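Asks: The structure's right below; bear with me while I get my questions together.
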Amino acid sequence: MTGYAQPVRTVVFGDSTRMEEMSRRQAQMDQLVEQKGKVTDADAIKAIDNLIRKLKQTMMVTLSGTITFQADGRPLSGAAIFVDGLKYGNNSDQNGRYYLQFPPGKYKVTVRYLGMVPISIRLAIYDNGVQDFEMSEKPEVLEEVVISATSQEDRIKEPISGMAKLNVTEIKRIPALMGEVDVIKSIQLMPGVNSVGEGSAGFNVRGGRIDQNLILMDGGQIFNSSHALGLLSNFNSDVVEDFTLYKGNVPAQFGGRASSVLDVRTRSGSFEKFKFRGGIGVLSSRLAIEGPIWKDHTSFLVGTRFSYSDWILKMVGNTDVRQSSASFYDVNGNITHRFSKKNTLNLTYYLGNDYFKYSQEFGYDYTTQLFNLKWKSILGDHWSSTFSAVSGSYASKLYDYNPIQAKSLSNGIDYNQLKEDVLFTVEGKHAVNFGVDMNYYGGRPEISNPYGNSSATVSKRVEKDRGREWGFYVNEEFTMSPKITISAGLRFSLFQNLGADTVYSYQPGVPKSVFTIVDTTYYSRDQVIQTYSGFEPRLSASYSISDHSSIKMSYNRMRQYIHLISNSTAATPVDIWQVSNPHIRPQVADNYSLGYFRNTDNKMYDLSAEAFYKTTQNLVEYKDFAQLLLNRHLETELLQGQGKAYGLELFARKNTGIWTGWVSYTFMRSFIQVAGASPAETVNQGKWYPTNYDKPHTFNLTASRKAGRTSRFGVNFTYSTGRPVTALTSSYLGGTTAIPVFSDRNQYRIPDYWRVDISLTINSVFKKFDDNLIFSIYNLFGRRNAYSIYYQQPEFSTIPESYRLSILGSIIPSITYNLSF
Amino acid sequence: MQPQKLLAFLLLLLLSNCKDPYKLAVTRTVGRLVINGGIYDTPGPQFLKLGLTPDFNKDPDPLSGAYVSVQDENGNQEFYHETVPGTYQLNGNIVTGRPSGVYTLEIQLPDGRKYRSTPEKLPGSKATDSAYFKIVTETVVKPEGIPVDNTNVKIYLNSVLPSEHSPSFIRWGIDEVYVIIPTCFPQAIACPPFCYIYQTVTKFDLKVIATNDYQRPYINDLLLQTRSVDYTFMVRHYFNVTQYTMNQNAYDYWQKVALITERTGSIFDTPPANVPGNIVNINDPTEIVYGYFEASGTKLNRLKIDRGYMPPNVEVGTCQFDFVYWPAGSPYNYCLNPYAIPGATTVMPDWFW
């Protein structure tokens with residue numbers, strides 16, 4: 001259905017008389033081919049081949065240009081442009097530029113990009129031409145039932161394996177908790193991605209830890225991507241443009257994490273007119289305003305979300321809930337100025353805060369800030385440059401309200417980045433990125449202070465480590481032949497652990513503890529304490545078996561110099577980001593993947609199967625009862641082991657029709673081995689054991705269906721094997737306390753998980769507005785999925801009882817009204 | 001339903017987390033030695049229990065026939081003798097708990113295996129405690145969303161901590177004793193004797209402190225236990241609040257016990273792990289032994305709660321014969337046969353009335 005497509009216009013380049021010249025050259029070529037068949041001399045054949053090649057070049061014309069978004073002029077990367085009849089096409093590069101080469105003649109050329117109205121032109125091309133395309137947003141009511149941000153052909157030829165690119169239009173069809181469209185929740189529906197459970201921050205990719213994901217917002221690192229302790233992420237759907245998850249091969253432009261990259265890009269405001277969009281929900285609302293500051297030159301966009309649940313909490317009868325508080329807000333700001341068509345300056349700002357207090361027991365307050373300045377410059381037909389300077393921070397505070405031990409504990413990390421990325425493109429066949437980036441990580445001191453007058457605790461302060469990471473990279477995507485496309489890159493990373501710091505030396509051959517310290521060395525500010533470095537090759541190749549199928553394979557090595565120190569089941573806001581130091585070695589991961597990708601002839605279905613294998617050195621693990629907070633000798637609580645993960649991902653997507661959506665199945669195993677020199681440095685007798693997030697089977701189904709002219713129905717089903725737990729196997733009495741006896745680490749599993757969500761989106765509620773009303777039910781069957789199994793001593797028994805804890809274990813309905821104009 | 005109520009209901013649905021009893025099929029840890037007890041600076045006799053972890057969900061099987069002795073730093077040694085299966089008594093004729101004394105426990109099992117504790121030093125300093133209670137009625141919401149009023153006894157503590165330069169390590173434990181006066185009818189001629197129940201196992205949040213974590217030499221209003229009000233309060237109910245002063249190794253042990261027993265299943269829980277004790281097999285140090293032989297100074301605070309303290313609207317019951325339910329199914333079975341309650345005895349503690 002293309003009733004909303006723009007009118008097809010005709011564009012002419014050159015004179016049709018050139019066709020006569022083409023006919024003459026074709027005749028020459030036929031002659032040369034005939035001659036070639038008659039000669040036997042190798043030199044003569046070579047000379048004829050050279051002539052044929054030169055002749056072919058003169059018989060081709062080039063169409064190039066830029067594909068941009070009409071509203072704000074930003075270039076659209078990855079837009080698909082196709083020449084009908086030739087079965088030939090290409091994608092726009094990071095600057096929105098495209099390049100096509102084909103014989104002169106009359107064609108129909110079509111440009112597509114998800115969420116945009118497709119553009120078609122009739123092309124009469126007899127000479128090289130430049131044609132720019134400005135795409136406009138598709139009205140929601142008329143949305144086309146194509147659900148991929150990239151075209152099917154692209155996915156077949158795309159050399160990077162294990163890459164998932166989605167945009168907000170696509171994820172809006174997924175039923176969402178409390179009606180909030182969420183980036184992180186949506187990628188958890190993709191194969192190879194899962195989490196330890198509901199209400200947990202972060203996500204795990206292909207058996208990797210959550211700190212092994214590099215989460216970027218406009219290129220700046222996000223250290224805690226969650227709101228409401230993980231129920232939502234901090235990406236506002238009103239300002240997010242698109243996002244890409246690299247879970248297989250990661251281009252060399254990215255570095256610093258061992259598992260994946262989630263690259264989220266936010267929008268610029270409109271350069272033409274003021275716009276408003278917002279949504280009102282039961283517990284939170286959103287508002288975004290954008291428009292020109294200087295028409296066609298400078299635009300702004302401000303988006304915010306804020307919750308207002310406290311007044312409802314006060315109405316609840318339960319004393320603990322009434323004394324609780326939960327709120328979050330975030331603000332995204334964006335100012336973009338075009339100095340010319342070739343130079344753009346972009347300033348973005350993000351501020352997100354969460355406050356959570358449970359009764360008189362504990363509370364959290366954490367804030368993320370990110371400031372990003374980006375200068376994009378097109379230096380010529382083939383060159384462009386992007387310079388960015390990022391400054392960010394993550395600060396968290398834990399409150400313990402226990403009257404005697406009441407205290408606040410603060411920690412966090414400061415982060416700065418400078419990056420220069422240069423892109424060199426050659427006629428659509430080569431795209432070379434090279435550049436350098438420098439990241440500075442400054443751990444904020446951990447500070448504990450008494451909280452309130454009744455507190456009897458003492459103040460404590462522990463300084464945290466600092467470090468600087470350099471990355472030098474080059475990455476080329478090139479088309480080796482019509483069937484083979486390659487992305488090859490090399491990154492060299494260098495990390496310096498910096499003073500000021502006190503470094504302890506421990507007695508060799510015995511477990512590290514405060515009792516085995518043999519020497520103490522003090523390093524002054526900015527003095528290099530320890531340096532780590534290494535190459536990180538990245539290689540991925542695609543071989544097209546046909547127009548509809550391809551095989552892809554990849555290998556990459558990634559190094560990680562910063563670690564999230566957390567020994568709870570899921571990450572908590574107060575977990576420490578710790579840089580590598582003389583005692584904590586960097587994690588080094590090697591990822592291998594092999595996949596088969598196929599589209600059906602009518603492009604209705606995409607199918608893929610990808611297998612992967614990953615090994616990781618120096619995975620951080622923890623001693624039993626590790627004391628991680630306010631610890632000057634953190635290394636005495638840590639262990640480092642090796643990890644391995646492997647699996648198979650199956651994916652099928654239906655792109656067109658009344659029903660659209662996808663199903664995915666992932667078989668995945670993830671293990672760790674910690675075999676230290678002594679029993680105290682060994683876990684599970686040195687055997688391999690499953691990680692917290694090892695879930696062998698995961699199945700997801702996401703589907704949506706048009707319901708009437710203006711409505712859409714969505715359904716989501718998810719299933720996964722229960723995650724591993726350490727189980728109670730006996731108990732004994734110590735004094736009058738029942739003390740549990742546990743199995744080896746992670747030897748049992750909680751029950752399997754499944755859930756069904758549904759949603760109904762009614763567009764054009766009020767005829768005058770571009771609006772919609774979303775009804776959604778999360779956990780339709782109210783299944784009490786186990787989040788954890790834990791053990792408690794009943795009031796008058798010596799035998800601990802086991803309990804299943806369920807969170808979000810009820811039917812959760814929501815209503816959200818969204819409006820834009 | 002008013003809109004506000006509807007919103008509140010929706011929020012409750014969102015926030016509600018529920019816990020259900022759940023049995024996980026596991027292979028049990030069987031036959032491992034467990035010890036429970038220590039040496040204290042109180043007049044003897046003192047008791048030590050030995051057991052083996054059982055193959056199903058119950059208390060450890062008592063371990064009989066072991067040779068158990070304790071030795072002090074001067075080389076004095078005294079043997080325990082077994083009073084009931086698995087319970088060993090030290091009379092304290094030769095070795096007694098005293099400040100600065102260092103004690104080592106030795107055990108020889110009937111099969112010949114020998115175990116020894118690390119030497120444990122009994123600390124000298126103690127805190128000065130003053131315990132008190134409050135009876136509080138609080139509203140809680142049941143899993144099905146129905147609010148109910150619960151009346152609890154809350155035990156608090158004020159304590160003046162030792163002021164020595166070196167840190168002191170303290171924990172508190174609570175046990176309860178209450179009385180039930182059984183109904184005379186249908187044995188009206190020979191009324192059964194009063195029944196005293198020693199409730200030595202009571203769920204409470206273990207409080208373990210190191211004084212160097214505190215900026216002041218005292219702590220006030222430390223909540224030790226919240227105990228629901230029930231029939232055990234119908235006559236008289238005692239709470240014995242015992243202070244234990246420990247050495248640093250014992251403190252590390254009990255702090256880990258506190259961490260592992262306070263788990264609530266949330267994402268913030270300390271990962272489960274076994275608490276290492278201080279007893280090792282002399283011939284096989286890799287054998288895992290559970291429990292800790294401690295040498296502690298103790299101090300007792302006793303709280304008496306009579307029925308009269310209960311608010312007028314709180315029903316704690318009275319033992320009366322019920323013709324309808326007798327003899328089985330009575331809601332007051334404990335009135336008919338309180339002696340079946342674990343810890344029941346007819347021997348009145350000399351401090352009770």
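Starting from 1 in every chain, residues are counted up; chains themselves are A, B, ... following the order of the structure tokens, and ligands are numbered from 1 as listed.
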Excluding A:Gln360 and any residue of its chain fewer than 2 positions from it, enumerate the residues within 8 Å of it, using only C-alpha atoms, and give them as an MDAnalysis selection string.
Replies: chainID A and resid 320 323:324 357:358 362 401:402
Asks: Go through chain A and flag each residue having an atom no more than 7 Å from chain B; for those, report the closest pair of atoms plus their distance in Å to one decimal, using only C-alpha atoms, ordered by chain and rising number, as JSON lines.
Replies:
{"residue": "A:Ile312", "atom": "CA", "partner": "B:Ala8", "partner_atom": "CA", "distance": 5.5}
{"residue": "A:Met315", "atom": "CA", "partner": "B:Ala8", "partner_atom": "CA", "distance": 6.8}
{"residue": "A:Val316", "atom": "CA", "partner": "B:Ala8", "partner_atom": "CA", "distance": 6.6}
{"residue": "A:Gly317", "atom": "CA", "partner": "B:Pro147", "partner_atom": "CA", "distance": 6.6}
{"residue": "A:Asn318", "atom": "CA", "partner": "B:Val140", "partner_atom": "CA", "distance": 5.1}
{"residue": "A:Thr319", "atom": "CA", "partner": "B:Thr139", "partner_atom": "CA", "distance": 6.2}
{"residue": "A:Ile404", "atom": "CA", "partner": "B:Leu222", "partner_atom": "CA", "distance": 6.3}
{"residue": "A:Ala456", "atom": "CA", "partner": "B:Tyr214", "partner_atom": "CA", "distance": 5.1}
{"residue": "A:Thr457", "atom": "CA", "partner": "B:Tyr214", "partner_atom": "CA", "distance": 4.3}
{"residue": "A:Val458", "atom": "CA", "partner": "B:Gln215", "partner_atom": "CA", "distance": 4.7}
{"residue": "A:Asn567", "atom": "CA", "partner": "B:Pro271", "partner_atom": "CA", "distance": 6.8}
{"residue": "A:Ser568", "atom": "CA", "partner": "B:Phe268", "partner_atom": "CA", "distance": 5.5}
{"residue": "A:Thr569", "atom": "CA", "partner": "B:Ile267", "partner_atom": "CA", "distance": 5.3}
{"residue": "A:Ala570", "atom": "CA", "partner": "B:Ile267", "partner_atom": "CA", "distance": 5.3}
{"residue": "A:Thr572", "atom": "CA", "partner": "B:Phe268", "partner_atom": "CA", "distance": 6.7}
{"residue": "A:Asp624", "atom": "CA", "partner": "B:Ala273", "partner_atom": "CA", "distance": 5.9}
{"residue": "A:Phe625", "atom": "CA", "partner": "B:Lys256", "partner_atom": "CA", "distance": 6.8}
{"residue": "A:Thr726", "atom": "CA", "partner": "B:Pro272", "partner_atom": "CA", "distance": 6.4}
{"residue": "A:Thr729", "atom": "CA", "partner": "B:Arg28", "partner_atom": "CA", "distance": 4.6}
{"residue": "A:Ser730", "atom": "CA", "partner": "B:Thr29", "partner_atom": "CA", "distance": 5.8}
{"residue": "A:Tyr732", "atom": "CA", "partner": "B:Pro60", "partner_atom": "CA", "distance": 6.3}
{"residue": "A:Leu733", "atom": "CA", "partner": "B:Asn36", "partner_atom": "CA", "distance": 6.4}
{"residue": "A:Gly734", "atom": "CA", "partner": "B:Asn36", "partner_atom": "CA", "distance": 5.4}
{"residue": "A:Gly735", "atom": "CA", "partner": "B:Asn36", "partner_atom": "CA", "distance": 6.4}
{"residue": "A:Thr736", "atom": "CA", "partner": "B:Val201", "partner_atom": "CA", "distance": 4.9}
{"residue": "A:Thr737", "atom": "CA", "partner": "B:Val201", "partner_atom": "CA", "distance": 6.7}
{"residue": "A:Ile739", "atom": "CA", "partner": "B:Val257", "partner_atom": "CA", "distance": 6.8}
{"residue": "A:Val741", "atom": "CA", "partner": "B:Asn274", "partner_atom": "CA", "distance": 5.8}
{"residue": "A:Phe742", "atom": "CA", "partner": "B:Asn274", "partner_atom": "CA", "distance": 5.8}
{"residue": "A:Ser788", "atom": "CA", "partner": "B:Gly265", "partner_atom": "CA", "distance": 5.6}
{"residue": "A:Ile789", "atom": "CA", "partner": "B:Gly265", "partner_atom": "CA", "distance": 6.4}
{"residue": "A:Tyr790", "atom": "CA", "partner": "B:Gly265", "partner_atom": "CA", "distance": 5.1}
{"residue": "A:Gln792", "atom": "CA", "partner": "B:Thr261", "partner_atom": "CA", "distance": 6.7}
{"residue": "A:Gln793", "atom": "CA", "partner": "B:Lys203", "partner_atom": "CA", "distance": 6.3}
{"residue": "A:Pro794", "atom": "CA", "partner": "B:Lys203", "partner_atom": "CA", "distance": 6.5}
{"residue": "A:Glu795", "atom": "CA", "partner": "B:Lys203", "partner_atom": "CA", "distance": 4.7}
{"residue": "A:Phe796", "atom": "CA", "partner": "B:Thr202", "partner_atom": "CA", "distance": 5.3}
{"residue": "A:Ser797", "atom": "CA", "partner": "B:Val201", "partner_atom": "CA", "distance": 6.5}
{"residue": "A:Thr798", "atom": "CA", "partner": "B:Val201", "partner_atom": "CA", "distance": 6.4}
{"residue": "A:Ile799", "atom": "CA", "partner": "B:Lys58", "partner_atom": "CA", "distance": 6.2}
{"residue": "A:Ser802", "atom": "CA", "partner": "B:Tyr22", "partner_atom": "CA", "distance": 5.6}
{"residue": "A:Tyr803", "atom": "CA", "partner": "B:Pro21", "partner_atom": "CA", "distance": 4.3}
{"residue": "A:Arg804", "atom": "CA", "partner": "B:Asp20", "partner_atom": "CA", "distance": 5.2}
{"residue": "A:Leu805", "atom": "CA", "partner": "B:Lys19", "partner_atom": "CA", "distance": 4.5}
{"residue": "A:Ser806", "atom": "CA", "partner": "B:Cys18", "partner_atom": "CA", "distance": 5.3}
{"residue": "A:Ile807", "atom": "CA", "partner": "B:Asn17", "partner_atom": "CA", "distance": 4.5}
{"residue": "A:Leu808", "atom": "CA", "partner": "B:Leu14", "partner_atom": "CA", "distance": 5.9}
{"residue": "A:Gly809", "atom": "CA", "partner": "B:Asn17", "partner_atom": "CA", "distance": 6.4}
{"residue": "A:Ser810", "atom": "CA", "partner": "B:Leu13", "partner_atom": "CA", "distance": 6.0}
{"residue": "A:Ile812", "atom": "CA", "partner": "B:Leu14", "partner_atom": "CA", "distance": 6.2}
Asks: Using only C-alpha atoms, which protein or nucleic acid residues come within 9 Å of B:Ile94? Drop anything in the same chain fewer than 2 positions from it, and give the result as a VMD selection string.
Replies: chain B and resid 76 to 78 91 to 92 96
Asks: Pick out the residues sitting within 7 Å of A:Ser533, and hand them over as a compact mmCIF listing (two decimals) with C-alpha atoms, in the first residue's frame; count only C-alpha atoms, and ignore anything fewer than 3 positions along from it in its own chain.
Replies:
# COMPACT_ATOMS: atom_id res chain seq x y z
CA SER A 493 43.86 0.71 22.59
CA LEU A 494 46.09 1.93 25.36
CA PHE A 495 45.07 2.42 28.95
Asks: For a test of reading the model, state the distance in Å between atom CA of A:Ser542 and atom CA of A:Glu158, rounded to one decimal.
Replies: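 Computing the Euclidean distance for atom CA of A:Ser542 and atom CA of A:Glu158 yields 6.8 Å.
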Asks: A:Val109, A:Leu498, A:Met116, A:Met60: which is nearest A:Phe82, counting only C-alpha atoms?
Replies: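 Smallest separation from A:Phe82 among the options: A:Val109.
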Asks: I need the residues of stretch 81-290 of chain B that end up classed as alpha helix (DSSP H) by DSSP on the backbone, written out as a ChimeraX atom specification.
Replies: /B:248-261
Asks: Would you write out those residues with N, CA and C atoms, as a JSON list (two decimals), in the first residue's frame?
Replies:
[["chain", "number", "residue", "atom", "x", "y", "z"],
["B", 248, "GLN", "N", 37.60, -10.50, 67.08],
["B", 248, "GLN", "CA", 37.37, -10.07, 65.69],
["B", 248, "GLN", "C", 36.99, -11.23, 64.77],
["B", 249, "ASN", "N", 37.59, -12.40, 64.97],
["B", 249, "ASN", "CA", 37.25, -13.54, 64.10],
["B", 249, "ASN", "C", 35.80, -13.94, 64.27],
["B", 250, "ALA", "N", 35.35, -13.96, 65.51],
["B", 250, "ALA", "CA", 33.94, -14.30, 65.75],
["B", 250, "ALA", "C", 33.03, -13.22, 65.16],
["B", 251, "TYR", "N", 33.46, -11.97, 65.28],
["B", 251, "TYR", "CA", 32.68, -10.88, 64.67],
["B", 251, "TYR", "C", 32.55, -11.09, 63.17],
["B", 252, "ASP", "N", 33.64, -11.44, 62.49],
["B", 252, "ASP", "CA", 33.57, -11.68, 61.03],
["B", 252, "ASP", "C", 32.56, -12.79, 60.73],
["B", 253, "TYR", "N", 32.59, -13.83, 61.56],
["B", 253, "TYR", "CA", 31.67, -14.95, 61.35],
["B", 253, "TYR", "C", 30.22, -14.49, 61.50],
["B", 254, "TRP", "N", 29.95, -13.80, 62.60],
["B", 254, "TRP", "CA", 28.56, -13.44, 62.87],
["B", 254, "TRP", "C", 28.06, -12.35, 61.92],
["B", 255, "GLN", "N", 28.97, -11.53, 61.46],
["B", 255, "GLN", "CA", 28.56, -10.52, 60.48],
["B", 255, "GLN", "C", 28.13, -11.21, 59.18],
["B", 256, "LYS", "N", 28.84, -12.25, 58.80],
["B", 256, "LYS", "CA", 28.45, -12.99, 57.59],
["B", 256, "LYS", "C", 27.12, -13.71, 57.81],
["B", 257, "VAL", "N", 26.94, -14.25, 59.01],
["B", 257, "VAL", "CA", 25.66, -14.89, 59.32],
["B", 257, "VAL", "C", 24.53, -13.86, 59.19],
["B", 258, "ALA", "N", 24.76, -12.66, 59.70],
["B", 258, "ALA", "CA", 23.75, -11.62, 59.62],
["B", 258, "ALA", "C", 23.44, -11.29, 58.17],
["B", 259, "LEU", "N", 24.48, -11.19, 57.35],
["B", 259, "LEU", "CA", 24.26, -10.87, 55.94],
["B", 259, "LEU", "C", 23.44, -11.95, 55.24],
["B", 260, "ILE", "N", 23.74, -13.18, 55.54],
["B", 260, "ILE", "CA", 23.12, -14.28, 54.81],
["B", 260, "ILE", "C", 21.71, -14.57, 55.31],
["B", 261, "THR", "N", 21.42, -14.19, 56.54],
["B", 261, "THR", "CA", 20.08, -14.46, 57.06],
["B", 261, "THR", "C", 19.13, -13.28, 56.86]]
Asks: So which residues of stretch 178-228 of chain B fall under strand (DSSP E) by DSSP, listed as number ranges by chain?
Replies: B: 178-180, 195-199, 207-210, 218-228
Asks: Atom CA of B:Thr118 and atom CA of B:Phe169 are how many Å apart?
Replies: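 Between atom CA of B:Thr118 and atom CA of B:Phe169 the gap works out to 18.0 Å.
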Asks: Excluding B:Ile279 and any residue of its chain fewer than 2 positions from it, enumerate the residues within 6 Å of it, using only C-alpha atoms, and give them as a list of chain:residue names.
Replies: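 Once the nearby chain positions are removed, what remains is B:Arg116, B:Ser117, B:Gly277.
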Asks: Which residues are close to A:Asp590, i.e. within 12 Å by only C-alpha atoms, leaving aside same-chain residues fewer than 3 positions away? Reply as a ChimeraX atom specification.
Replies: /A:208,248-250,257-260,535-539,554-560,587,593,612-617,642-646
Asks: Excluding A:Val579 and its own-chain neighbours fewer than 3 positions away, which residues fall within 9 Å of it when counting only C-alpha atoms? Please give them as a PyMOL selection string.
Replies: chain A and resi 441-443+464-467+497+561-564+584+586
Asks: For the selection you just gave me, I'd like the residues written to a file as a compact mmCIF listing (two decimals), in the first residue's frame, keeping all heavy atoms.
Replies:
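Output saved as again-v5.txt:
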# COMPACT_ATOMS: atom_id res chain seq x y z
N TYR A 441 38.46 8.51 32.66
CA TYR A 441 37.55 8.03 33.69
C TYR A 441 38.10 8.44 35.06
O TYR A 441 39.22 8.09 35.40
CB TYR A 441 37.45 6.51 33.66
CG TYR A 441 36.99 5.93 32.34
CD1 TYR A 441 37.89 5.26 31.51
CD2 TYR A 441 35.68 6.07 31.93
CE1 TYR A 441 37.47 4.72 30.30
CE2 TYR A 441 35.26 5.54 30.72
CZ TYR A 441 36.16 4.87 29.91
OH TYR A 441 35.74 4.35 28.72
N GLY A 442 37.31 9.16 35.79
CA GLY A 442 37.73 9.56 37.14
C GLY A 442 36.74 9.07 38.16
O GLY A 442 35.62 9.60 38.27
N GLY A 443 37.11 8.03 38.88
CA GLY A 443 36.22 7.51 39.91
C GLY A 443 36.02 8.54 41.02
O GLY A 443 37.00 9.10 41.52
N LYS A 464 38.95 6.74 44.79
CA LYS A 464 38.82 5.74 43.74
C LYS A 464 39.80 6.03 42.60
O LYS A 464 40.31 7.15 42.45
CB LYS A 464 37.39 5.71 43.18
CG LYS A 464 36.32 5.44 44.22
CD LYS A 464 36.59 4.22 45.09
CE LYS A 464 36.44 2.93 44.35
NZ LYS A 464 36.64 1.78 45.30
N ASP A 465 40.04 5.01 41.79
CA ASP A 465 41.07 5.10 40.75
C ASP A 465 40.64 5.96 39.57
O ASP A 465 39.45 6.15 39.32
CB ASP A 465 41.40 3.69 40.24
CG ASP A 465 42.15 2.88 41.28
OD1 ASP A 465 42.71 3.51 42.20
OD2 ASP A 465 42.17 1.65 41.18
N ARG A 466 41.65 6.42 38.86
CA ARG A 466 41.42 7.20 37.64
C ARG A 466 42.16 6.54 36.49
O ARG A 466 43.14 5.81 36.70
CB ARG A 466 41.93 8.64 37.81
CG ARG A 466 41.29 9.39 38.97
CD ARG A 466 42.13 10.56 39.43
NE ARG A 466 42.32 11.54 38.38
CZ ARG A 466 43.50 11.93 37.92
NH1 ARG A 466 44.61 11.41 38.39
NH2 ARG A 466 43.58 12.84 36.97
N GLY A 467 41.73 6.83 35.28
CA GLY A 467 42.42 6.23 34.14
C GLY A 467 42.13 6.96 32.84
O GLY A 467 41.15 7.72 32.74
N ASN A 497 46.50 3.75 33.99
CA ASN A 497 45.95 3.96 35.33
C ASN A 497 46.76 5.09 35.97
O ASN A 497 47.98 5.03 36.03
CB ASN A 497 46.06 2.66 36.12
CG ASN A 497 45.65 2.79 37.57
OD1 ASN A 497 46.17 2.09 38.43
ND2 ASN A 497 44.72 3.67 37.88
N TYR A 561 38.69 -1.86 29.86
CA TYR A 561 39.55 -1.38 30.94
C TYR A 561 38.76 -0.81 32.11
O TYR A 561 39.34 -0.26 33.03
CB TYR A 561 40.49 -0.30 30.39
CG TYR A 561 41.34 -0.75 29.23
CD1 TYR A 561 41.01 -0.41 27.92
CD2 TYR A 561 42.46 -1.54 29.44
CE1 TYR A 561 41.78 -0.84 26.86
CE2 TYR A 561 43.24 -1.97 28.39
CZ TYR A 561 42.89 -1.61 27.09
OH TYR A 561 43.67 -2.03 26.05
N ILE A 562 37.46 -0.90 32.06
CA ILE A 562 36.65 -0.39 33.15
C ILE A 562 35.59 -1.45 33.49
O ILE A 562 35.03 -2.07 32.58
CB ILE A 562 36.02 0.98 32.80
CG1 ILE A 562 35.26 1.55 33.98
CG2 ILE A 562 35.17 0.92 31.55
CD1 ILE A 562 34.91 3.02 33.83
N HIS A 563 35.36 -1.65 34.78
CA HIS A 563 34.54 -2.79 35.21
C HIS A 563 33.51 -2.32 36.22
O HIS A 563 33.81 -1.51 37.10
CB HIS A 563 35.42 -3.86 35.86
CG HIS A 563 36.76 -4.02 35.20
ND1 HIS A 563 36.99 -4.93 34.21
CD2 HIS A 563 37.93 -3.34 35.37
CE1 HIS A 563 38.26 -4.82 33.80
NE2 HIS A 563 38.85 -3.86 34.50
N LEU A 564 32.32 -2.87 36.10
CA LEU A 564 31.28 -2.57 37.08
C LEU A 564 31.42 -3.58 38.22
O LEU A 564 31.22 -4.78 38.02
CB LEU A 564 29.89 -2.67 36.45
CG LEU A 564 28.72 -2.28 37.35
CD1 LEU A 564 28.81 -0.82 37.76
CD2 LEU A 564 27.40 -2.54 36.65
N ILE A 584 43.89 -5.28 38.92
CA ILE A 584 42.69 -5.65 38.15
C ILE A 584 43.03 -5.54 36.67
O ILE A 584 43.13 -4.44 36.12
CB ILE A 584 41.50 -4.74 38.52
CG1 ILE A 584 41.25 -4.81 40.03
CG2 ILE A 584 40.26 -5.14 37.75
CD1 ILE A 584 40.23 -3.80 40.53
N PRO A 586 42.76 -5.89 32.54
CA PRO A 586 41.65 -5.63 31.60
C PRO A 586 41.02 -6.92 31.09
O PRO A 586 41.70 -7.95 30.99
CB PRO A 586 42.31 -4.85 30.46
CG PRO A 586 43.76 -5.07 30.59
CD PRO A 586 44.05 -5.42 32.00
Asks: Measuring atom to atom with only C-alpha atoms, identify which of B:Val208, B:Ile341, B:Ile288, B:Ala131 is nearest to B:Phe239.
Replies: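 Closest residue, counting only C-alpha atoms: B:Ala131.
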